[in-house]
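Peer 1: Structure supplied as coords-v8.cif; contents: mmCIF, C-alpha atoms.
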data_structure
#
loop_
_atom_site.label_atom_id
_atom_site.label_comp_id
_atom_site.auth_asym_id
_atom_site.auth_seq_id
_atom_site.Cartn_x
_atom_site.Cartn_y
_atom_site.Cartn_z
CA MET A 223 6.25 -15.58 -13.04
CA ALA A 224 7.17 -13.54 -16.10
CA ILE A 225 10.13 -11.22 -15.76
CA GLU A 226 10.03 -8.04 -17.82
CA ASP A 227 12.49 -7.81 -20.70
CA PHE A 228 14.01 -4.37 -20.20
CA THR A 229 15.51 -4.40 -23.69
CA THR A 230 11.94 -3.74 -24.89
CA TYR A 231 11.80 -0.60 -22.72
CA THR A 232 12.70 2.91 -23.88
CA GLU A 233 15.79 4.50 -22.36
CA ALA A 234 16.26 8.23 -22.04
CA ASP A 235 19.79 8.69 -20.74
CA PRO A 236 21.48 11.87 -21.96
CA ASN A 237 24.64 11.36 -19.89
CA SER A 238 25.04 7.58 -20.38
CA LYS A 239 24.61 6.72 -16.71
CA ILE A 240 22.21 3.80 -17.22
CA THR A 241 22.90 0.24 -18.38
CA VAL A 242 20.04 -1.94 -19.54
CA THR A 243 20.11 -5.72 -19.87
CA SER A 244 17.15 -8.03 -20.34
CA SER A 245 16.48 -8.42 -16.62
CA LYS A 246 18.29 -5.48 -15.02
CA VAL A 247 18.38 -1.71 -15.22
CA SER A 248 21.43 -0.39 -13.40
CA TRP A 249 22.91 3.06 -13.01
CA ASN A 250 26.10 4.71 -11.88
CA ASP A 251 26.36 8.22 -10.53
CA LEU A 252 22.76 9.01 -11.52
CA SER A 253 22.08 12.51 -10.25
CA ARG A 254 19.41 15.11 -9.64
CA ASN A 255 20.96 17.16 -12.43
CA GLU A 256 19.65 15.12 -15.35
CA GLU A 257 16.39 13.84 -16.72
CA ALA A 258 16.93 10.14 -17.28
CA TYR A 259 14.55 7.21 -17.18
CA VAL A 260 13.75 3.74 -18.48
CA TYR A 261 10.09 3.12 -19.23
CA LYS A 262 7.62 1.21 -21.32
CA ALA A 263 4.33 2.37 -22.81
CA MET A 264 2.06 -0.51 -21.90
CA GLY A 265 -1.08 0.96 -23.45
CA TYR A 266 -3.77 3.41 -22.47
CA GLN A 267 -5.19 2.51 -19.03
CA PHE A 268 -3.26 -0.77 -19.19
CA PHE A 269 -3.00 -1.12 -15.41
CA ASP A 270 -6.72 -0.94 -14.69
CA LYS A 271 -7.11 -3.61 -12.01
CA ASP A 272 -5.67 -4.73 -8.71
CA PHE A 273 -2.12 -5.96 -9.20
CA THR A 274 1.01 -7.30 -7.59
CA HIS A 275 4.39 -6.18 -8.90
CA LYS A 276 7.70 -7.59 -7.68
CA PHE A 277 11.28 -6.51 -8.22
CA LYS A 278 14.69 -6.39 -6.61
CA ALA A 279 16.29 -3.07 -5.82
CA GLN A 280 19.66 -1.95 -4.54
CA PHE A 281 21.30 1.46 -4.00
CA SER A 282 24.77 2.50 -2.90
CA ASN A 283 27.63 5.00 -3.20
CA TYR A 284 26.08 8.40 -2.63
CA LYS A 285 28.17 11.15 -4.12
CA ASN A 286 28.28 14.93 -4.47
CA GLY A 287 26.23 15.58 -1.36
CA TYR A 288 23.61 13.86 0.67
CA THR A 289 20.18 14.29 -0.83
CA LEU A 290 20.28 11.86 -3.75
CA ARG A 291 16.98 10.74 -5.20
CA VAL A 292 16.26 7.93 -7.69
CA THR A 293 13.03 6.08 -8.50
CA HIS A 294 13.20 2.28 -8.84
CA TRP A 295 9.58 1.65 -9.84
CA ALA A 296 6.79 3.90 -11.00
CA LEU A 297 3.53 4.04 -12.89
CA SER A 298 2.36 7.21 -14.57
CA GLU A 299 0.11 8.63 -17.19
CA ASN A 300 2.96 10.77 -18.50
CA VAL A 301 6.56 10.26 -19.58
CA ASP A 302 8.49 12.70 -17.48
CA ASP A 303 10.97 12.74 -14.63
CA GLU A 304 9.60 12.79 -11.08
CA LYS A 305 10.01 16.54 -10.78
CA GLY A 306 7.95 16.84 -13.96
CA TRP A 307 5.13 14.81 -12.44
CA PHE A 308 5.19 17.17 -9.48
CA VAL A 309 5.39 20.56 -11.18
CA ASN A 310 3.14 19.63 -14.10
CA SER A 311 0.39 18.30 -11.81
CA TYR A 312 0.57 14.82 -13.29
CA ASN A 313 -0.58 11.55 -11.76
CA ALA A 314 1.98 8.93 -10.80
CA VAL A 315 2.88 6.45 -8.11
CA ASN A 316 6.51 5.63 -7.40
CA LEU A 317 8.95 4.00 -5.04
CA PHE A 318 12.16 5.96 -4.67
CA VAL A 319 15.24 6.16 -2.52
CA TYR A 320 16.23 9.48 -0.99
CA ASN A 321 19.15 10.82 0.98
CA TYR A 322 22.46 9.27 2.05
CA ASP A 323 20.72 7.34 4.83
CA TRP A 324 18.67 5.55 2.17
CA ARG A 325 15.12 6.46 3.03
CA ILE A 326 12.62 4.57 0.91
CA TYR A 327 9.47 6.44 -0.10
CA LEU A 328 6.26 5.06 -1.49
CA ARG A 329 4.56 8.09 -2.97
CA ILE A 330 1.49 8.85 -5.02
CA TYR A 331 1.06 12.07 -6.99
CA ASP A 332 -2.59 12.99 -7.40
CA LEU A 333 -2.56 15.76 -9.99
CA GLY A 334 0.94 16.55 -8.74
CA SER A 335 -0.01 16.57 -5.07
CA PRO A 336 2.21 14.07 -3.21
CA THR A 337 1.23 11.67 -0.43
CA SER A 338 4.01 9.49 0.99
CA ASP A 339 4.90 6.77 3.41
CA ILE A 340 8.56 6.48 4.37
CA TRP A 341 10.94 3.86 5.76
CA THR A 342 14.09 5.26 7.32
CA GLY A 343 15.74 1.94 8.17
CA ALA A 344 17.15 0.80 4.83
CA GLN A 345 20.83 0.10 4.28
CA GLY A 346 22.97 0.80 1.24
CA ALA A 347 24.44 -2.05 -0.83
CA THR A 348 21.66 -4.40 0.26
CA THR A 349 19.33 -6.14 -2.14
CA TYR A 350 15.70 -5.51 -1.25
CA TYR A 351 12.91 -7.72 -2.54
CA ILE A 352 9.98 -5.39 -3.04
CA THR A 353 6.36 -6.37 -3.59
CA ILE A 354 3.89 -3.62 -4.45
CA THR A 355 0.18 -4.31 -4.46
CA ARG A 356 -2.62 -2.12 -5.68
CA ASP A 357 -6.17 -2.27 -4.40
CA ARG A 358 -7.81 -0.22 -7.15
CA ASP A 359 -10.95 0.67 -5.23
CA GLY A 360 -9.35 0.59 -1.80
CA GLY A 361 -8.04 3.22 0.55
CA ALA A 362 -9.63 6.07 2.43
CA ASN A 363 -11.15 7.53 -0.73
CA ASN A 364 -11.91 4.29 -2.57
CA SER A 365 -9.63 5.56 -5.32
CA GLY A 366 -6.64 3.31 -4.80
CA ARG A 367 -4.41 1.95 -2.08
CA TYR A 368 -0.80 0.98 -2.74
CA THR A 369 1.14 -1.21 -0.32
CA ALA A 370 4.87 -1.96 -0.56
CA TYR A 371 6.29 -4.93 1.32
CA ILE A 372 10.05 -4.47 1.60
CA CYS A 373 11.95 -7.66 2.38
CA THR A 374 15.46 -9.09 2.38
CA ASN A 375 16.38 -12.64 1.37
CA GLY A 376 13.21 -13.23 -0.65
CA TYR A 377 9.84 -11.75 -1.45
CA TYR A 378 6.93 -11.21 0.90
CA GLY A 379 4.81 -14.35 1.07
CA GLU A 380 7.71 -16.47 -0.14
CA GLY A 381 9.72 -16.54 3.07
CA GLY A 382 11.50 -13.19 2.74
CA ASN A 383 12.42 -11.32 5.89
CA LEU A 384 9.94 -8.43 6.18
CA GLU A 385 11.74 -5.17 6.92
CA GLU A 386 8.92 -2.67 6.45
CA THR A 387 5.45 -2.21 5.01
CA LEU A 388 4.60 1.13 3.42
CA GLN A 389 1.14 2.19 2.37
CA VAL A 390 -0.36 5.19 0.59
CA ASP A 391 -3.90 6.00 -0.47
CA SER A 392 -4.83 8.09 -3.45
CA GLN A 393 -6.40 11.34 -2.30
CA TYR A 394 -8.25 11.77 -5.58
CA ILE A 395 -11.95 11.07 -6.12
CA GLN A 396 -11.54 8.16 -8.53
CA PRO A 397 -8.87 5.60 -9.42
CA PHE A 398 -6.28 6.30 -12.10
CA ASP A 399 -5.41 3.57 -14.55
CA TRP A 400 -1.83 3.70 -15.61
CA HIS A 401 -0.22 3.76 -19.04
CA TYR A 402 3.54 3.79 -18.42
CA ILE A 403 5.78 1.71 -16.20
CA PHE A 404 9.23 2.94 -15.16
CA ALA A 405 12.17 0.87 -13.90
CA CYS A 406 14.30 3.95 -13.23
CA ASN A 407 13.65 7.67 -13.06
CA THR A 408 15.36 10.79 -11.77
CA TYR A 409 14.22 13.96 -10.02
CA ASN A 410 15.87 16.68 -12.02
CA ASP A 411 16.03 19.83 -9.93
CA GLY A 412 19.54 20.81 -10.99
CA ASN A 413 21.34 19.45 -7.94
CA PRO A 414 24.45 17.26 -8.15
CA GLN A 415 23.68 14.53 -5.58
CA SER A 416 23.90 11.07 -7.10
CA CYS A 417 24.13 7.36 -6.36
CA ASP A 418 24.47 3.94 -7.96
CA GLY A 419 21.70 1.38 -8.00
CA PHE A 420 19.60 -1.10 -9.90
CA THR A 421 16.13 -2.50 -10.48
CA GLU A 422 16.11 -6.19 -11.37
CA ASP A 423 13.71 -9.02 -12.22
CA LEU A 424 10.59 -6.89 -12.48
CA ASP A 425 7.54 -9.15 -12.48
CA LEU A 426 4.25 -7.44 -13.33
CA GLY A 427 2.21 -10.59 -12.78
CA LEU A 428 1.07 -10.47 -16.38
CA VAL A 429 0.80 -14.22 -17.04
CA GLY A 430 -2.64 -14.62 -18.60
CA PHE A 431 -3.23 -10.87 -18.25
CA LYS A 432 -5.17 -9.10 -21.00
CA PRO A 433 -4.88 -5.32 -21.16
CA ALA A 434 -7.94 -3.11 -21.01
CA PHE A 435 -7.91 -2.10 -24.68
CA ALA A 436 -7.64 -5.70 -25.80
CA ARG A 437 -10.42 -6.75 -23.45
CA ALA A 438 -12.71 -3.95 -24.58
CA ASN A 439 -12.16 -4.80 -28.22
CA ASN A 440 -12.05 -8.54 -27.73
CA LEU A 441 -8.71 -8.62 -29.52
CA ILE A 442 -7.33 -11.50 -27.55
CA GLY A 443 -10.42 -13.23 -26.39
CA GLY A 444 -11.48 -10.99 -23.51
CA PHE A 445 -12.30 -12.51 -20.18
CA MET B 191 -9.39 -1.30 15.85
CA LYS B 192 -9.59 -2.05 19.55
CA PHE B 193 -7.23 -0.08 21.77
CA PRO B 194 -6.32 -0.61 25.42
CA GLN B 195 -8.33 1.51 27.88
CA ASP B 196 -5.41 3.79 28.66
CA CYS B 197 -4.73 4.39 24.96
CA VAL B 198 -6.77 7.53 24.38
CA SER B 199 -5.04 10.33 22.49
CA ILE B 200 -4.02 10.19 18.82
CA ALA B 201 -0.41 10.10 20.00
CA ASP B 202 -1.18 7.11 22.27
CA LYS B 203 -2.95 5.30 19.47
CA SER B 204 -0.20 6.00 16.97
CA GLU B 205 2.38 4.64 19.40
CA TYR B 206 0.26 1.55 20.01
CA LEU B 207 -0.20 0.97 16.27
CA TYR B 208 3.47 1.33 15.40
CA ALA B 209 4.39 -1.04 18.22
CA ALA B 210 1.73 -3.49 17.01
CA GLN B 211 3.07 -3.26 13.47
CA GLU B 212 6.56 -4.06 14.71
CA LYS B 213 5.29 -6.98 16.78
CA LEU B 214 3.55 -8.37 13.71
CA ARG B 215 6.69 -7.91 11.61
CA LEU B 216 8.80 -9.84 14.08
CA ILE B 217 6.30 -12.71 14.24
CA HIS B 218 6.14 -12.75 10.45
CA ASN B 219 9.91 -13.05 10.29
CA ALA B 220 9.93 -15.87 12.83
CA PHE B 221 7.50 -17.74 10.59
CA ALA B 222 9.55 -16.94 7.48
CA ARG B 223 12.61 -18.35 9.24
CA TRP B 224 10.61 -21.38 10.40
CA TYR B 225 9.58 -22.03 6.79
CA LYS B 226 12.95 -21.36 5.16
CA GLU B 227 15.45 -22.61 7.74
CA GLY B 228 13.45 -24.32 10.46
CA LEU B 229 13.19 -23.58 14.18
CA THR B 230 14.47 -25.47 17.19
CA GLN B 231 11.96 -26.34 19.90
CA GLN B 232 13.51 -23.59 22.04
CA GLN B 233 13.03 -20.98 19.32
CA TYR B 234 9.48 -22.21 18.73
CA ASN B 235 8.70 -21.84 22.43
CA LEU B 236 9.39 -18.10 22.12
CA LEU B 237 6.38 -17.67 19.82
CA PRO B 238 3.19 -16.36 21.46
CA GLU B 239 1.04 -19.05 23.07
CA LYS B 240 -1.97 -18.37 20.83
CA VAL B 241 0.22 -18.85 17.77
CA ARG B 242 1.66 -22.09 19.19
CA ASN B 243 -1.84 -23.38 19.86
CA LYS B 244 -2.65 -23.01 16.19
CA TYR B 245 0.68 -24.08 14.70
CA LYS B 246 2.12 -27.12 16.47
CA TYR B 247 5.84 -27.70 16.56
CA VAL B 248 7.56 -29.20 13.58
CA SER B 249 11.21 -28.57 12.82
CA LYS B 250 10.37 -26.92 9.47
CA LEU B 251 7.09 -25.26 8.56
CA THR B 252 5.51 -26.32 5.25
CA PHE B 253 4.90 -23.70 2.56
CA GLU B 254 1.17 -24.39 2.90
CA ASP B 255 1.25 -23.54 6.60
CA PHE B 256 3.41 -20.50 5.95
CA LYS B 257 0.87 -19.27 3.38
CA ARG B 258 -1.91 -20.06 5.84
CA PHE B 259 -0.18 -17.95 8.48
CA ILE B 260 0.15 -15.07 6.02
CA ALA B 261 -3.46 -15.30 4.84
CA GLU B 262 -5.19 -15.96 8.15
CA ASP B 263 -3.00 -14.47 10.83
CA PHE B 264 -0.59 -11.87 9.48
CA GLU B 265 -2.14 -10.06 6.53
CA PRO B 266 -5.57 -9.26 8.04
CA ARG B 267 -3.96 -7.83 11.18
CA ASN B 268 -1.23 -5.99 9.29
CA MET B 269 -3.80 -4.42 6.97
CA LYS B 270 -5.97 -3.39 9.91
CA VAL B 271 -3.02 -1.78 11.66
CA LEU B 272 -1.94 0.02 8.47
CA ASP B 273 -5.49 1.24 7.92
CA ALA B 274 -5.69 2.57 11.48
CA LEU B 275 -2.28 4.20 11.06
CA GLY B 276 -3.56 5.95 7.95
CA GLN B 277 -6.56 7.21 9.88
CA ALA B 278 -4.35 8.37 12.75
CA LYS B 279 -2.16 10.21 10.24
CA ASP B 280 -5.21 11.90 8.71
CA ASN B 281 -6.36 12.97 12.18
CA LEU B 282 -2.89 14.31 13.00
CA HIS B 283 -2.90 16.26 9.74
CA LYS B 284 -6.04 18.03 10.96
CA SER B 285 -4.53 18.92 14.32
CA SER B 286 -4.80 22.59 15.27
CA ARG B 287 -2.92 22.22 18.57
CA PHE B 288 0.04 24.19 17.25
CA ASN B 289 -0.08 27.47 15.37
CA ILE B 290 2.27 26.70 12.49
CA GLU B 291 3.52 29.14 9.88
CA ILE B 292 5.54 27.91 6.93
CA GLU B 293 8.55 29.90 8.15
CA ASP B 294 8.47 27.92 11.40
CA ILE B 295 9.07 24.61 9.62
CA ASP B 296 12.74 23.69 9.51
CA GLY B 297 13.66 23.16 5.87
CA ASP B 298 17.38 22.45 6.37
#
Do you think you could lay out the structure here as structure tokens?

Peer 2:
Amino acid sequence: MAIEDFTTYTEADPNSKITVTSSKVSWNDLSRNEEAYVYKAMGYQFFDKDFTHKFKAQFSNYKNGYTLRVTHWALSENVDDEKGWFVNSYNAVNLFVYNYDWRIYLRIYDLGSPTSDIWTGAQGATTYYITITRDRDGGANNSGRYTAYICTNGYYGEGGNLEETLQVDSQYIQPFDWHYIFACNTYNDGNPQSCDGFTEDLDLGLVGFKPAFARANNLIGGF
Amino acid sequence: MKFPQDCVSIADKSEYLYAAQEKLRLIHNAFARWYKEGLTQQQYNLLPEKVRNKYKYVSKLTFEDFKRFIAEDFEPRNMKVLDALGQAKDNLHKSSRFNIEIEDIDGD
């Protein structure tokens, strides 16, 4: 297990709503009226295989209306907020919380076109242990299947209590290999709804992992 | 995916699949509890008979047996149910039973 060091990530936070420590990205009053995110450029087509990512997530204190929206985990080919992925026809996959009743979405944007699976049973102020797997060639179109196991009191496969499993398939004709990872992102559509929350202990399963560029160029030994 | 004989329409199959997914989730959580906290004989007796035939009673399940349950019993079934749910969703997307205009869809 290797936990990501968020102090090596890039923070875009025009209204100072986000706090970054080595293992935790937390936010207060993060709204749909700002473009704020914490991300890392991992390298071109870095995520080019099956993977398992794990992290803890919590959300609470909705304010200024009901339809808050914040991403806790995402992969994309572009640095942008979630609305930007949508309107600019970008590719991305994200897990976000929406609305005062804390609906959790697993969503993939294929050239901006969204496909989602939703859990409507989450509770605020609860720590969720989330495991996201990618089957790169899986799914209905053999272009990627993403599965999120949402647990309390531990991760899936480690004794956590399974609350819900979400799954989405890419609708595109071939898999996308991702460049950027996000530990927080907003959906800036000019609305005031906001909430508090955090993403913590993100584990990308990178122990012994060699990125695509390094493999192709035999920079660190290849496979 | 095998469905009961009286499970015919997409709506029937979706209902069956969601109920199956929930049944699997609850059995998973019983095993997670068995591994993390242990089960009494009484709690163990509430597990389905086929599961009890495979996993004999001990007060606390080993991590190896918990992983075995995940790999052999839970994950393959859960994936199959999720796959079938995805197919059911795709079929429902193609439904032409209702004549829907965008103005008819409640956006509030």

Peer 1: My list of candidates is A:Leu426, A:Ala234, A:Cys417, A:Val315. Which is closest to A:Ala258 when distances are computed with all atoms listed in the file?

Peer 2: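 Nearest candidate to A:Ala258 out of A:Leu426, A:Ala234, A:Cys417, A:Val315: A:Ala234.
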
Peer 1: What does the PyMOL selection byres ((chain A and resi 266) around 10) select in this file, as a PDB file with C-alpha atoms, in the coordinates of the input?

Peer 2:
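Produced file result_8.pdb, reproduced below:
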ATOM      1  CA  ALA A 263       4.330   2.370 -22.810  1.00  0.00           C
ATOM      2  CA  MET A 264       2.060  -0.510 -21.900  1.00  0.00           C
ATOM      3  CA  GLY A 265      -1.080   0.960 -23.450  1.00  0.00           C
ATOM      4  CA  GLN A 267      -5.190   2.510 -19.030  1.00  0.00           C
ATOM      5  CA  PHE A 268      -3.260  -0.770 -19.190  1.00  0.00           C
ATOM      6  CA  PHE A 269      -3.000  -1.120 -15.410  1.00  0.00           C
ATOM      7  CA  ASP A 270      -6.720  -0.940 -14.690  1.00  0.00           C
ATOM      8  CA  GLU A 299       0.110   8.630 -17.190  1.00  0.00           C
ATOM      9  CA  ASP A 399      -5.410   3.570 -14.550  1.00  0.00           C
ATOM     10  CA  TRP A 400      -1.830   3.700 -15.610  1.00  0.00           C
ATOM     11  CA  HIS A 401      -0.220   3.760 -19.040  1.00  0.00           C
ATOM     12  CA  TYR A 402       3.540   3.790 -18.420  1.00  0.00           C
ATOM     13  CA  PRO A 433      -4.880  -5.320 -21.160  1.00  0.00           C
ATOM     14  CA  ALA A 434      -7.940  -3.110 -21.010  1.00  0.00           C
ATOM     15  CA  PHE A 435      -7.910  -2.100 -24.680  1.00  0.00           C
TER      16      PHE A 435
END

Peer 1: Neighbouring residues of stretch 216-220 of chain B were defined as those with any atom within 9 Å, considering all atoms listed in the file; residues of the same chain fewer than 4 positions away were excluded. Please report them as a ChimeraX atom specification.

Peer 2: /A:381-385 /B:211-212,224-225,229,233-234,237-238,259-260,264

Peer 1: If you keep C-alpha atoms, can you produce a file of those selected residues as a PDB file, keeping the file's coordinate frame?

Peer 2:
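As a result, out-v3.pdb now contains:
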ATOM      1  CA  GLY A 381       9.720 -16.540   3.070  1.00  0.00           C
ATOM      2  CA  GLY A 382      11.500 -13.190   2.740  1.00  0.00           C
ATOM      3  CA  ASN A 383      12.420 -11.320   5.890  1.00  0.00           C
ATOM      4  CA  LEU A 384       9.940  -8.430   6.180  1.00  0.00           C
ATOM      5  CA  GLU A 385      11.740  -5.170   6.920  1.00  0.00           C
TER       6      GLU A 385
ATOM      7  CA  GLN B 211       3.070  -3.260  13.470  1.00  0.00           C
ATOM      8  CA  GLU B 212       6.560  -4.060  14.710  1.00  0.00           C
ATOM      9  CA  TRP B 224      10.610 -21.380  10.400  1.00  0.00           C
ATOM     10  CA  TYR B 225       9.580 -22.030   6.790  1.00  0.00           C
ATOM     11  CA  LEU B 229      13.190 -23.580  14.180  1.00  0.00           C
ATOM     12  CA  GLN B 233      13.030 -20.980  19.320  1.00  0.00           C
ATOM     13  CA  TYR B 234       9.480 -22.210  18.730  1.00  0.00           C
ATOM     14  CA  LEU B 237       6.380 -17.670  19.820  1.00  0.00           C
ATOM     15  CA  PRO B 238       3.190 -16.360  21.460  1.00  0.00           C
ATOM     16  CA  PHE B 259      -0.180 -17.950   8.480  1.00  0.00           C
ATOM     17  CA  ILE B 260       0.150 -15.070   6.020  1.00  0.00           C
ATOM     18  CA  PHE B 264      -0.590 -11.870   9.480  1.00  0.00           C
TER      19      PHE B 264
END

Peer 1: Quick one: of B:Ile200, B:Tyr208, B:Lys246, B:Lys192, who's nearest to B:His283, counting all atoms listed in the file?

Peer 2: B:Ile200

Peer 1: Pick out the closest residue to chain B from this set: A:Asn283, A:Ser311, A:Thr289, A:Ser245. Count only C-alpha atoms.

Peer 2: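 Ranking A:Asn283, A:Ser311, A:Thr289, A:Ser245 by distance to chain B, first place goes to A:Thr289.
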
Peer 1: Could you jot down the atom CA of A:Gly287 to atom CA of A:Tyr322 separation for me, Å, one decimal place?

Peer 2: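 Result for atom CA of A:Gly287 versus atom CA of A:Tyr322: 8.1 Å, one decimal.
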
Peer 1: Determine the nearest neighbour of chain B from the options A:Gly427, A:Pro414, A:Gly306, A:Gly379, counting only C-alpha atoms.

Peer 2: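 Closest residue, counting only C-alpha atoms: A:Gly379.
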
Peer 1: Given the choices B:Arg258, B:Ser199, B:Asp263, B:Ile295, which gets closest to B:Lys240 if the distance is worked out from only C-alpha atoms?

Peer 2: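 Result for the nearest residue to B:Lys240: B:Asp263.
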
Peer 1: Distance cut-off 10 Å, counting all atoms listed in the file - which residues of chain A neighbour chain B? Return them as JSON, numbers by chain.

Peer 2: {"A": [339, 361, 362, 369, 373, 376, 378, 379, 380, 381, 382, 383, 384, 385, 386, 387, 388, 389, 390, 391]}

Peer 1: Of the candidates A:Asn375, A:Ile225, A:Asn300, A:Tyr409, which one gets nearest to A:Val319 if we count only C-alpha atoms?

Peer 2: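 Checking each of A:Asn375, A:Ile225, A:Asn300, A:Tyr409 against A:Val319, counting only C-alpha atoms, the winner is A:Tyr409.
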
Peer 1: Between atom CA of A:Lys262 and atom CA of A:Asn363, measure the distance and give it in Å to one decimal.

Peer 2: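 Atom-to-atom, atom CA of A:Lys262 and atom CA of A:Asn363 are spaced 28.6 Å apart.
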